[in-house]
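A short write-up of the structure that comes next.
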Amino acid sequence: MESVNKILKSKKCFGCGLCKRLCPENAISLNANEKSGFWEISVNQNACVNCGLCLKNCPANEDRLPKADTVGAHDEIVLCHSANNEVRYSATSGGAVNSIIRYLIESKTADSVITVKENIDAPFDTEIVKIDKSNLDLLLESPRSFASRYVSLPVLSELPEKGENTAVVGTPCQIKALSEYDKENCFIKIGIVCSAATSYNASRLIKNKLADSSYHIYYRGNGWPGFNTLTNGENTYETPHGKSYFEKMYSSQLFKRYSCRFCPSHFAEEADLSFFDFWNKEEIKSEKTGNSACIIRSDRGRKIYNGAAEGGYVQTVKSIAENDALNAQGVALKYKTKRPYGSIYFKITDFLFNSGLYKLIPISFYKYLCRFLAKTVK
């Protein structure tokens, strides 16, 4: 039988980490590649017994076009936020995910939740963490550490055994992989909408240009849409998210993982609950503290959301129509549906990234790349 080497050779690996977790011979390893800025997978062919478990559950084992013209099956889409004002302000987009995690643990709906948080001592400043009753206070003590990290980690490499009462917070590819593996629906699935994984090289470049590598980087948080912040405790460089150099670098698509061009999902359709930024014109104009859009998909998702609302963990603002949800993710969906990756724009950006010449580009230039991209994808 074939292994995920088939996927690695095609450069379509999403880096979810499930193959490492499932390999019975420990033949698969994960490494933080400093050159690419991504966690990457490799297979020791001498140890591999070709059992096929890795490939069977790989979310990249099918080349399907994204279903980006729909949010997927759902019961309701709501705009909501954390009922805790500090969490709502400090975390990303109203902190609803932070409060849902707390509800899951405190209500004993889950014994643990796998997610990610900021850690400057970890590769790419971000670590996979298991939240349970022993460290639950971290969510309230440092909510900004759990704000959006814009770094792709192999979250499923830390997946526990089936039968453990666990929830997983993951991107669409991670939720898809988990769903393929978890046919019994053992794990609670909390999806985070994602347009594409971003290389840590963008963050490293921002640090080196504006400060130095010792600084902590926070991509969002401190209100909505939030601020891109570099800080060492004494000195702080902070810019509104929409005007930050990092946002322009992120939106230029130059630092996006190549395999994400083949992603079959945007709204994490297999999740119980999917969360995303509601980039609605009126919301951008009027909201300053933060709200999250939540797609309630399953009966379990409905029970969790209602329990969190009734328990005072989250507050509902209003229901959202599906068209409004789609429009609020319009730019990201445009790239997925148009799939302009053979265009001259992406030939240029691929060359800049792969050659390392992007390091010579002034960070102020990325806004012009974004304008070039907008003209390329109409």
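Residues in the structure tokens are numbered from 1 in each chain, the chains being A, B, ... in the order shown, and ligands are numbered from 1 in the order shown.
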
Could you name the residues that touch range 90-99 of chain A at 9 Å or less, counting only C-alpha atoms, but leaving out those on the same chain fewer than 3 positions away, as a short mmCIF file (atom, residue, chain, number, x, y, z; two decimals) with all heavy atoms, in the first residue's frame?
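Saved result, around_20.cif, follows:
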data_model
loop_
_atom_site.label_atom_id
_atom_site.label_comp_id
_atom_site.auth_asym_id
_atom_site.auth_seq_id
_atom_site.Cartn_x
_atom_site.Cartn_y
_atom_site.Cartn_z
N CYS A 80 -22.06 36.46 17.79
CA CYS A 80 -22.00 36.30 19.24
C CYS A 80 -20.66 36.81 19.78
O CYS A 80 -19.77 37.16 19.01
CB CYS A 80 -22.20 34.83 19.62
SG CYS A 80 -20.93 33.72 18.94
N HIS A 81 -20.54 36.81 21.09
CA HIS A 81 -19.27 37.18 21.72
C HIS A 81 -19.21 36.61 23.13
O HIS A 81 -20.22 36.16 23.68
CB HIS A 81 -19.09 38.70 21.76
CG HIS A 81 -20.21 39.44 22.44
ND1 HIS A 81 -21.10 40.23 21.75
CD2 HIS A 81 -20.61 39.50 23.74
CE1 HIS A 81 -21.98 40.74 22.58
NE2 HIS A 81 -21.71 40.31 23.81
N SER A 82 -18.03 36.63 23.71
CA SER A 82 -17.86 36.18 25.08
C SER A 82 -18.64 37.10 26.02
O SER A 82 -18.68 38.31 25.83
CB SER A 82 -16.37 36.20 25.47
OG SER A 82 -16.21 35.96 26.85
N ALA A 83 -19.23 36.50 27.04
CA ALA A 83 -19.93 37.29 28.05
C ALA A 83 -18.96 37.94 29.03
O ALA A 83 -19.34 38.81 29.81
CB ALA A 83 -20.92 36.41 28.81
N ASN A 84 -17.70 37.51 28.99
CA ASN A 84 -16.65 38.10 29.82
C ASN A 84 -16.04 39.26 29.06
O ASN A 84 -15.43 39.08 28.00
CB ASN A 84 -15.59 37.05 30.15
CG ASN A 84 -14.49 37.58 31.05
OD1 ASN A 84 -13.77 38.50 30.68
ND2 ASN A 84 -14.35 36.98 32.22
N ASN A 85 -16.17 40.47 29.56
CA ASN A 85 -15.75 41.66 28.82
C ASN A 85 -14.25 41.69 28.54
O ASN A 85 -13.81 42.16 27.48
CB ASN A 85 -16.17 42.93 29.57
CG ASN A 85 -17.67 43.17 29.51
OD1 ASN A 85 -18.33 42.76 28.56
ND2 ASN A 85 -18.21 43.81 30.53
N GLU A 86 -13.43 41.22 29.48
CA GLU A 86 -12.00 41.20 29.27
C GLU A 86 -11.62 40.23 28.17
O GLU A 86 -10.79 40.53 27.30
CB GLU A 86 -11.28 40.84 30.57
CG GLU A 86 -9.76 40.69 30.44
CD GLU A 86 -9.07 41.96 29.94
OE1 GLU A 86 -9.60 43.07 30.16
OE2 GLU A 86 -7.99 41.83 29.31
N VAL A 87 -12.24 39.05 28.17
CA VAL A 87 -11.99 38.06 27.12
C VAL A 87 -12.49 38.60 25.78
O VAL A 87 -11.81 38.48 24.76
CB VAL A 87 -12.67 36.72 27.46
CG1 VAL A 87 -12.62 35.76 26.26
CG2 VAL A 87 -12.02 36.08 28.67
N ARG A 102 -14.03 27.16 27.70
CA ARG A 102 -14.26 27.15 29.15
C ARG A 102 -15.56 26.44 29.49
O ARG A 102 -15.64 25.67 30.45
CB ARG A 102 -14.25 28.58 29.70
CG ARG A 102 -12.87 29.19 29.77
CD ARG A 102 -12.83 30.46 30.59
NE ARG A 102 -13.58 31.54 29.94
CZ ARG A 102 -14.70 32.06 30.41
NH1 ARG A 102 -15.23 31.61 31.53
NH2 ARG A 102 -15.29 33.04 29.77
N TYR A 103 -16.59 26.69 28.69
CA TYR A 103 -17.87 26.02 28.94
C TYR A 103 -17.72 24.51 28.82
O TYR A 103 -18.24 23.74 29.66
CB TYR A 103 -18.93 26.51 27.97
CG TYR A 103 -20.16 25.62 27.97
CD1 TYR A 103 -21.06 25.66 29.03
CD2 TYR A 103 -20.38 24.70 26.94
CE1 TYR A 103 -22.16 24.81 29.06
CE2 TYR A 103 -21.47 23.85 26.96
CZ TYR A 103 -22.37 23.91 28.03
OH TYR A 103 -23.44 23.06 28.06
N LEU A 104 -17.02 24.04 27.78
CA LEU A 104 -16.87 22.61 27.56
C LEU A 104 -16.22 21.92 28.77
O LEU A 104 -16.64 20.84 29.18
CB LEU A 104 -16.03 22.35 26.31
CG LEU A 104 -16.69 22.66 24.96
CD1 LEU A 104 -15.67 22.58 23.83
CD2 LEU A 104 -17.86 21.72 24.70
N LEU A 139 -7.06 30.60 30.17
CA LEU A 139 -7.96 31.26 29.22
C LEU A 139 -8.41 32.63 29.73
O LEU A 139 -8.66 33.54 28.93
CB LEU A 139 -9.18 30.38 28.96
CG LEU A 139 -8.90 29.07 28.21
CD1 LEU A 139 -10.10 28.14 28.31
CD2 LEU A 139 -8.57 29.35 26.75
N LEU A 140 -8.51 32.77 31.05
CA LEU A 140 -8.90 34.05 31.63
C LEU A 140 -7.68 34.90 31.97
O LEU A 140 -7.74 36.13 31.88
CB LEU A 140 -9.73 33.82 32.90
CG LEU A 140 -11.11 33.20 32.70
CD1 LEU A 140 -11.77 32.97 34.05
CD2 LEU A 140 -11.99 34.09 31.84
N SER A 142 -4.68 34.95 30.39
CA SER A 142 -3.96 35.47 29.20
C SER A 142 -4.77 35.21 27.94
O SER A 142 -4.32 34.47 27.05
CB SER A 142 -2.58 34.83 29.10
OG SER A 142 -2.69 33.42 29.08
N PRO A 143 -5.95 35.81 27.83
CA PRO A 143 -6.80 35.54 26.65
C PRO A 143 -6.15 35.92 25.33
O PRO A 143 -6.43 35.30 24.31
CB PRO A 143 -8.06 36.36 26.92
CG PRO A 143 -7.66 37.40 27.92
CD PRO A 143 -6.60 36.75 28.76
N ARG A 144 -5.26 36.90 25.35
CA ARG A 144 -4.65 37.29 24.08
C ARG A 144 -3.65 36.23 23.59
O ARG A 144 -3.36 36.17 22.39
CB ARG A 144 -3.96 38.65 24.20
CG ARG A 144 -3.83 39.32 22.83
CD ARG A 144 -3.29 40.70 22.88
NE ARG A 144 -3.31 41.30 21.54
CZ ARG A 144 -2.65 42.38 21.20
NH1 ARG A 144 -1.92 43.03 22.10
NH2 ARG A 144 -2.71 42.84 19.97
N SER A 145 -3.15 35.42 24.48
CA SER A 145 -2.26 34.33 24.07
C SER A 145 -3.00 33.28 23.23
O SER A 145 -2.40 32.52 22.49
CB SER A 145 -1.64 33.65 25.29
OG SER A 145 -0.73 34.51 25.93
N PHE A 146 -4.34 33.27 23.38
CA PHE A 146 -5.17 32.33 22.63
C PHE A 146 -5.86 32.99 21.44
O PHE A 146 -6.67 32.37 20.77
CB PHE A 146 -6.22 31.70 23.55
CG PHE A 146 -5.63 30.81 24.60
CD1 PHE A 146 -5.21 31.32 25.82
CD2 PHE A 146 -5.49 29.45 24.37
CE1 PHE A 146 -4.66 30.50 26.78
CE2 PHE A 146 -4.94 28.62 25.33
CZ PHE A 146 -4.52 29.15 26.55
N ALA A 147 -5.53 34.26 21.19
CA ALA A 147 -6.08 34.94 20.02
C ALA A 147 -5.47 34.34 18.75
O ALA A 147 -4.50 33.57 18.82
CB ALA A 147 -5.78 36.44 20.10
N SER A 148 -6.01 34.67 17.59
CA SER A 148 -5.55 34.09 16.32
C SER A 148 -4.04 34.17 16.20
O SER A 148 -3.44 35.22 16.40
CB SER A 148 -6.20 34.84 15.15
OG SER A 148 -7.59 34.64 15.14
N VAL A 169 -10.03 22.14 18.50
CA VAL A 169 -10.20 23.40 17.78
C VAL A 169 -9.23 23.36 16.61
O VAL A 169 -8.01 23.28 16.81
CB VAL A 169 -9.91 24.62 18.67
CG1 VAL A 169 -10.09 25.91 17.88
CG2 VAL A 169 -10.81 24.62 19.90
N ILE A 190 -14.53 21.81 16.76
CA ILE A 190 -14.72 23.26 16.71
C ILE A 190 -13.87 23.80 15.56
O ILE A 190 -12.63 23.78 15.63
CB ILE A 190 -14.29 23.94 18.03
CG1 ILE A 190 -14.95 23.26 19.24
CG2 ILE A 190 -14.61 25.43 17.98
CD1 ILE A 190 -16.45 23.35 19.27
N TYR A 219 -1.15 38.88 16.69
CA TYR A 219 -1.68 39.24 15.38
C TYR A 219 -3.00 40.00 15.48
O TYR A 219 -3.31 40.82 14.63
CB TYR A 219 -1.87 37.98 14.55
CG TYR A 219 -0.59 37.18 14.40
CD1 TYR A 219 -0.26 36.18 15.31
CD2 TYR A 219 0.29 37.44 13.35
CE1 TYR A 219 0.91 35.45 15.17
CE2 TYR A 219 1.46 36.71 13.21
CZ TYR A 219 1.77 35.72 14.13
OH TYR A 219 2.93 35.01 14.00
N ARG A 220 -3.78 39.66 16.49
CA ARG A 220 -5.09 40.29 16.67
C ARG A 220 -5.29 40.55 18.17
O ARG A 220 -4.39 40.41 18.96
CB ARG A 220 -6.19 39.35 16.13
CG ARG A 220 -6.06 38.98 14.66
CD ARG A 220 -6.50 40.07 13.72
NE ARG A 220 -7.91 40.36 13.88
CZ ARG A 220 -8.90 39.63 13.35
NH1 ARG A 220 -8.62 38.55 12.65
NH2 ARG A 220 -10.16 39.98 13.52
N GLY A 221 -6.51 40.88 18.55
CA GLY A 221 -6.83 41.14 19.95
C GLY A 221 -6.73 42.62 20.28
O GLY A 221 -6.31 43.45 19.47
N ASN A 222 -7.17 42.98 21.49
CA ASN A 222 -7.28 44.37 21.92
C ASN A 222 -8.33 45.11 21.08
O ASN A 222 -8.04 46.11 20.42
CB ASN A 222 -5.94 45.10 21.87
CG ASN A 222 -5.07 44.75 23.08
OD1 ASN A 222 -5.47 43.95 23.91
ND2 ASN A 222 -3.90 45.36 23.17
N GLY A 223 -9.54 44.59 21.12
CA GLY A 223 -10.63 45.18 20.35
C GLY A 223 -10.78 44.51 19.01
O GLY A 223 -10.12 43.51 18.71
N TRP A 224 -11.69 45.06 18.19
CA TRP A 224 -11.94 44.48 16.88
C TRP A 224 -11.92 45.56 15.80
O TRP A 224 -12.42 46.67 16.04
CB TRP A 224 -13.32 43.79 16.87
CG TRP A 224 -13.51 42.90 15.68
CD1 TRP A 224 -13.08 41.62 15.54
CD2 TRP A 224 -14.15 43.23 14.44
NE1 TRP A 224 -13.40 41.12 14.30
CE2 TRP A 224 -14.06 42.09 13.60
CE3 TRP A 224 -14.79 44.38 13.95
CZ2 TRP A 224 -14.59 42.07 12.31
CZ3 TRP A 224 -15.29 44.35 12.68
CH2 TRP A 224 -15.20 43.20 11.86
N PRO A 225 -11.33 45.31 14.66
CA PRO A 225 -10.71 44.06 14.22
C PRO A 225 -9.43 43.67 14.98
O PRO A 225 -8.90 42.60 14.77
CB PRO A 225 -10.40 44.34 12.75
CG PRO A 225 -11.32 45.40 12.33
CD PRO A 225 -11.45 46.27 13.54
N GLY A 226 -8.94 44.56 15.83
CA GLY A 226 -7.78 44.23 16.63
C GLY A 226 -6.53 44.92 16.15
O GLY A 226 -6.53 45.70 15.20
N PHE A 275 -16.44 28.86 13.48
CA PHE A 275 -16.35 30.27 13.83
C PHE A 275 -15.57 31.03 12.75
O PHE A 275 -14.59 30.53 12.20
CB PHE A 275 -15.65 30.45 15.17
CG PHE A 275 -16.48 29.99 16.35
CD1 PHE A 275 -16.45 28.68 16.76
CD2 PHE A 275 -17.31 30.89 17.01
CE1 PHE A 275 -17.23 28.25 17.84
CE2 PHE A 275 -18.08 30.48 18.09
CZ PHE A 275 -18.04 29.16 18.50
N PHE A 276 -16.00 32.27 12.48
CA PHE A 276 -15.30 33.09 11.50
C PHE A 276 -15.51 34.57 11.78
O PHE A 276 -16.43 34.97 12.49
CB PHE A 276 -15.72 32.75 10.07
CG PHE A 276 -17.17 33.04 9.75
CD1 PHE A 276 -17.53 34.23 9.11
CD2 PHE A 276 -18.17 32.13 10.04
CE1 PHE A 276 -18.86 34.49 8.79
CE2 PHE A 276 -19.49 32.38 9.72
CZ PHE A 276 -19.84 33.56 9.09
N ASP A 277 -14.62 35.39 11.20
CA ASP A 277 -14.75 36.84 11.29
C ASP A 277 -15.90 37.30 10.40
O ASP A 277 -15.98 36.89 9.24
CB ASP A 277 -13.47 37.54 10.82
CG ASP A 277 -12.36 37.49 11.86
OD1 ASP A 277 -12.61 37.91 12.99
OD2 ASP A 277 -11.26 37.02 11.52
N PHE A 278 -16.73 38.16 10.92
CA PHE A 278 -17.85 38.70 10.16
C PHE A 278 -17.42 40.04 9.56
O PHE A 278 -17.69 41.10 10.11
CB PHE A 278 -19.08 38.86 11.06
CG PHE A 278 -20.35 39.15 10.31
CD1 PHE A 278 -20.77 38.37 9.26
CD2 PHE A 278 -21.14 40.24 10.69
CE1 PHE A 278 -21.95 38.64 8.58
CE2 PHE A 278 -22.32 40.53 10.02
CZ PHE A 278 -22.72 39.72 8.97
N THR A 289 -15.42 46.39 19.94
CA THR A 289 -14.97 45.45 20.96
C THR A 289 -14.76 44.06 20.39
O THR A 289 -13.74 43.43 20.63
CB THR A 289 -15.97 45.38 22.13
OG1 THR A 289 -16.24 46.71 22.58
CG2 THR A 289 -15.40 44.57 23.28
N GLY A 290 -15.74 43.55 19.63
CA GLY A 290 -15.54 42.28 18.97
C GLY A 290 -16.73 41.35 19.00
O GLY A 290 -17.38 41.18 20.03
N ASN A 291 -17.03 40.74 17.86
CA ASN A 291 -18.03 39.69 17.73
C ASN A 291 -17.46 38.57 16.87
O ASN A 291 -16.59 38.80 16.03
CB ASN A 291 -19.31 40.21 17.06
CG ASN A 291 -20.09 41.16 17.94
OD1 ASN A 291 -20.23 40.93 19.14
ND2 ASN A 291 -20.60 42.23 17.36
N SER A 292 -17.96 37.36 17.09
CA SER A 292 -17.63 36.21 16.25
C SER A 292 -18.89 35.74 15.55
O SER A 292 -19.98 35.81 16.12
CB SER A 292 -17.11 35.04 17.10
OG SER A 292 -15.97 35.39 17.85
N ALA A 293 -18.75 35.28 14.33
CA ALA A 293 -19.85 34.60 13.66
C ALA A 293 -19.69 33.11 13.92
O ALA A 293 -18.58 32.57 13.82
CB ALA A 293 -19.85 34.89 12.17
N CYS A 294 -20.77 32.45 14.28
CA CYS A 294 -20.73 31.04 14.61
C CYS A 294 -21.76 30.29 13.79
O CYS A 294 -22.95 30.65 13.79
CB CYS A 294 -21.01 30.84 16.10
SG CYS A 294 -21.16 29.11 16.61
N ALA A 308 -23.74 27.03 26.46
CA ALA A 308 -22.82 28.13 26.73
C ALA A 308 -23.57 29.46 26.88
O ALA A 308 -23.22 30.29 27.71
CB ALA A 308 -21.78 28.23 25.62
N TYR A 313 -21.75 32.08 29.31
CA TYR A 313 -20.41 32.08 28.73
C TYR A 313 -20.35 32.92 27.46
O TYR A 313 -19.35 33.60 27.20
CB TYR A 313 -19.96 30.65 28.42
CG TYR A 313 -19.71 29.81 29.64
CD1 TYR A 313 -20.75 29.13 30.27
CD2 TYR A 313 -18.43 29.69 30.17
CE1 TYR A 313 -20.53 28.35 31.40
CE2 TYR A 313 -18.19 28.91 31.30
CZ TYR A 313 -19.25 28.25 31.91
OH TYR A 313 -19.02 27.48 33.03
N VAL A 314 -21.39 32.83 26.63
CA VAL A 314 -21.45 33.63 25.41
C VAL A 314 -22.79 34.35 25.34
O VAL A 314 -23.78 33.93 25.96
CB VAL A 314 -21.26 32.77 24.13
CG1 VAL A 314 -19.89 32.14 24.10
CG2 VAL A 314 -22.35 31.72 24.02
N GLN A 315 -22.82 35.43 24.58
CA GLN A 315 -24.05 36.19 24.36
C GLN A 315 -24.30 36.29 22.87
O GLN A 315 -23.38 36.53 22.08
CB GLN A 315 -23.93 37.59 24.97
CG GLN A 315 -23.82 37.58 26.48
CD GLN A 315 -23.62 38.97 27.07
OE1 GLN A 315 -23.22 39.90 26.37
NE2 GLN A 315 -23.87 39.10 28.36
#

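Every protein or nucleic acid residue with an atom no more than 6 Å from range 108-123 of chain A, counting only C-alpha atoms and leaving out same-chain residues fewer than 2 positions away, appears here: Leu104, Ile105, Glu106, Asp125, Thr126, Glu127, Ile128, Val129, Lys130, Ile131, Asp132, Ser145, Phe146, Asn165, Thr166, Ala167, Val168 and Val169 of chain A.
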
Please, which residues in range 286-357 of chain A fall within 12 Å of range 250-253 of chain A when counting only C-alpha atoms, and what is the closest atom pair and distance in Å to one decimal for each, ordered by chain then residue number, as a Markdown table?
| residue | atom | partner | partner_atom | distance |
| --- | --- | --- | --- | --- |
| A:Val331 | CA | A:Ser251 | CA | 9.4 |
| A:Ala332 | CA | A:Ser251 | CA | 8.9 |
| A:Tyr335 | CA | A:Gln253 | CA | 9.6 |
| A:Lys336 | CA | A:Gln253 | CA | 11.8 |
| A:Pro340 | CA | A:Gln253 | CA | 11.3 |
| A:Tyr341 | CA | A:Gln253 | CA | 10.3 |
| A:Tyr345 | CA | A:Gln253 | CA | 9.9 |
| A:Phe346 | CA | A:Gln253 | CA | 8.4 |
| A:Lys347 | CA | A:Gln253 | CA | 11.7 |
| A:Ile348 | CA | A:Gln253 | CA | 11.2 |
| A:Thr349 | CA | A:Gln253 | CA | 7.9 |
| A:Asp350 | CA | A:Gln253 | CA | 9.5 |
| A:Leu352 | CA | A:Gln253 | CA | 11.6 |
| A:Phe353 | CA | A:Gln253 | CA | 10.3 |

Residues within 10 Å of Glu161 in chain A, only C-alpha atoms, excluding chain neighbours under 2 positions, as a ChimeraX atom specification: /A:21-22,158-159,163-166,186-187

Selection from above, N, CA and C atoms, as a short mmCIF file (atom, residue, chain, number, x, y, z; two decimals), in the first residue's frame, can you write it?
data_model
loop_
_atom_site.label_atom_id
_atom_site.label_comp_id
_atom_site.auth_asym_id
_atom_site.auth_seq_id
_atom_site.Cartn_x
_atom_site.Cartn_y
_atom_site.Cartn_z
N ARG A 21 0.32 10.91 14.16
CA ARG A 21 -0.40 10.36 15.31
C ARG A 21 -0.83 8.91 15.06
N LEU A 22 -1.16 8.55 13.81
CA LEU A 22 -1.70 7.23 13.53
C LEU A 22 -0.65 6.19 13.17
N GLU A 158 -1.31 15.65 18.23
CA GLU A 158 -1.54 15.52 19.67
C GLU A 158 -2.91 14.93 19.99
N LEU A 159 -3.57 14.37 19.01
CA LEU A 159 -4.90 13.81 19.22
C LEU A 159 -4.83 12.61 20.17
N GLY A 163 -12.37 7.61 22.51
CA GLY A 163 -12.93 7.23 23.80
C GLY A 163 -12.65 8.26 24.87
N GLU A 164 -11.56 9.02 24.70
CA GLU A 164 -11.31 10.13 25.60
C GLU A 164 -12.26 11.26 25.24
N ASN A 165 -12.76 11.94 26.25
CA ASN A 165 -13.77 12.97 26.06
C ASN A 165 -13.09 14.28 25.68
N THR A 166 -12.82 14.45 24.39
CA THR A 166 -11.95 15.54 23.93
C THR A 166 -12.62 16.36 22.83
N CYS A 186 -16.57 10.59 17.85
CA CYS A 186 -16.17 10.63 19.27
C CYS A 186 -15.75 12.03 19.71
N PHE A 187 -15.08 12.74 18.83
CA PHE A 187 -14.49 14.02 19.20
C PHE A 187 -15.43 15.18 18.87
#

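Each of A:Gly356, A:Gly342, A:Pro160, A:Gly307 was checked against Ser107 in chain A using only C-alpha atoms; the smallest atom-to-atom distance is that of A:Gly307.
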
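Counting only C-alpha atoms, the residue from A:Asp212, A:Ile296, A:Asn50, A:Glu287 that sits nearest to Glu322 in chain A is A:Ile296.
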
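Counting from CA of Lys243 in chain A, the distance to CA of Arg261 in chain A is 25.6 Å.
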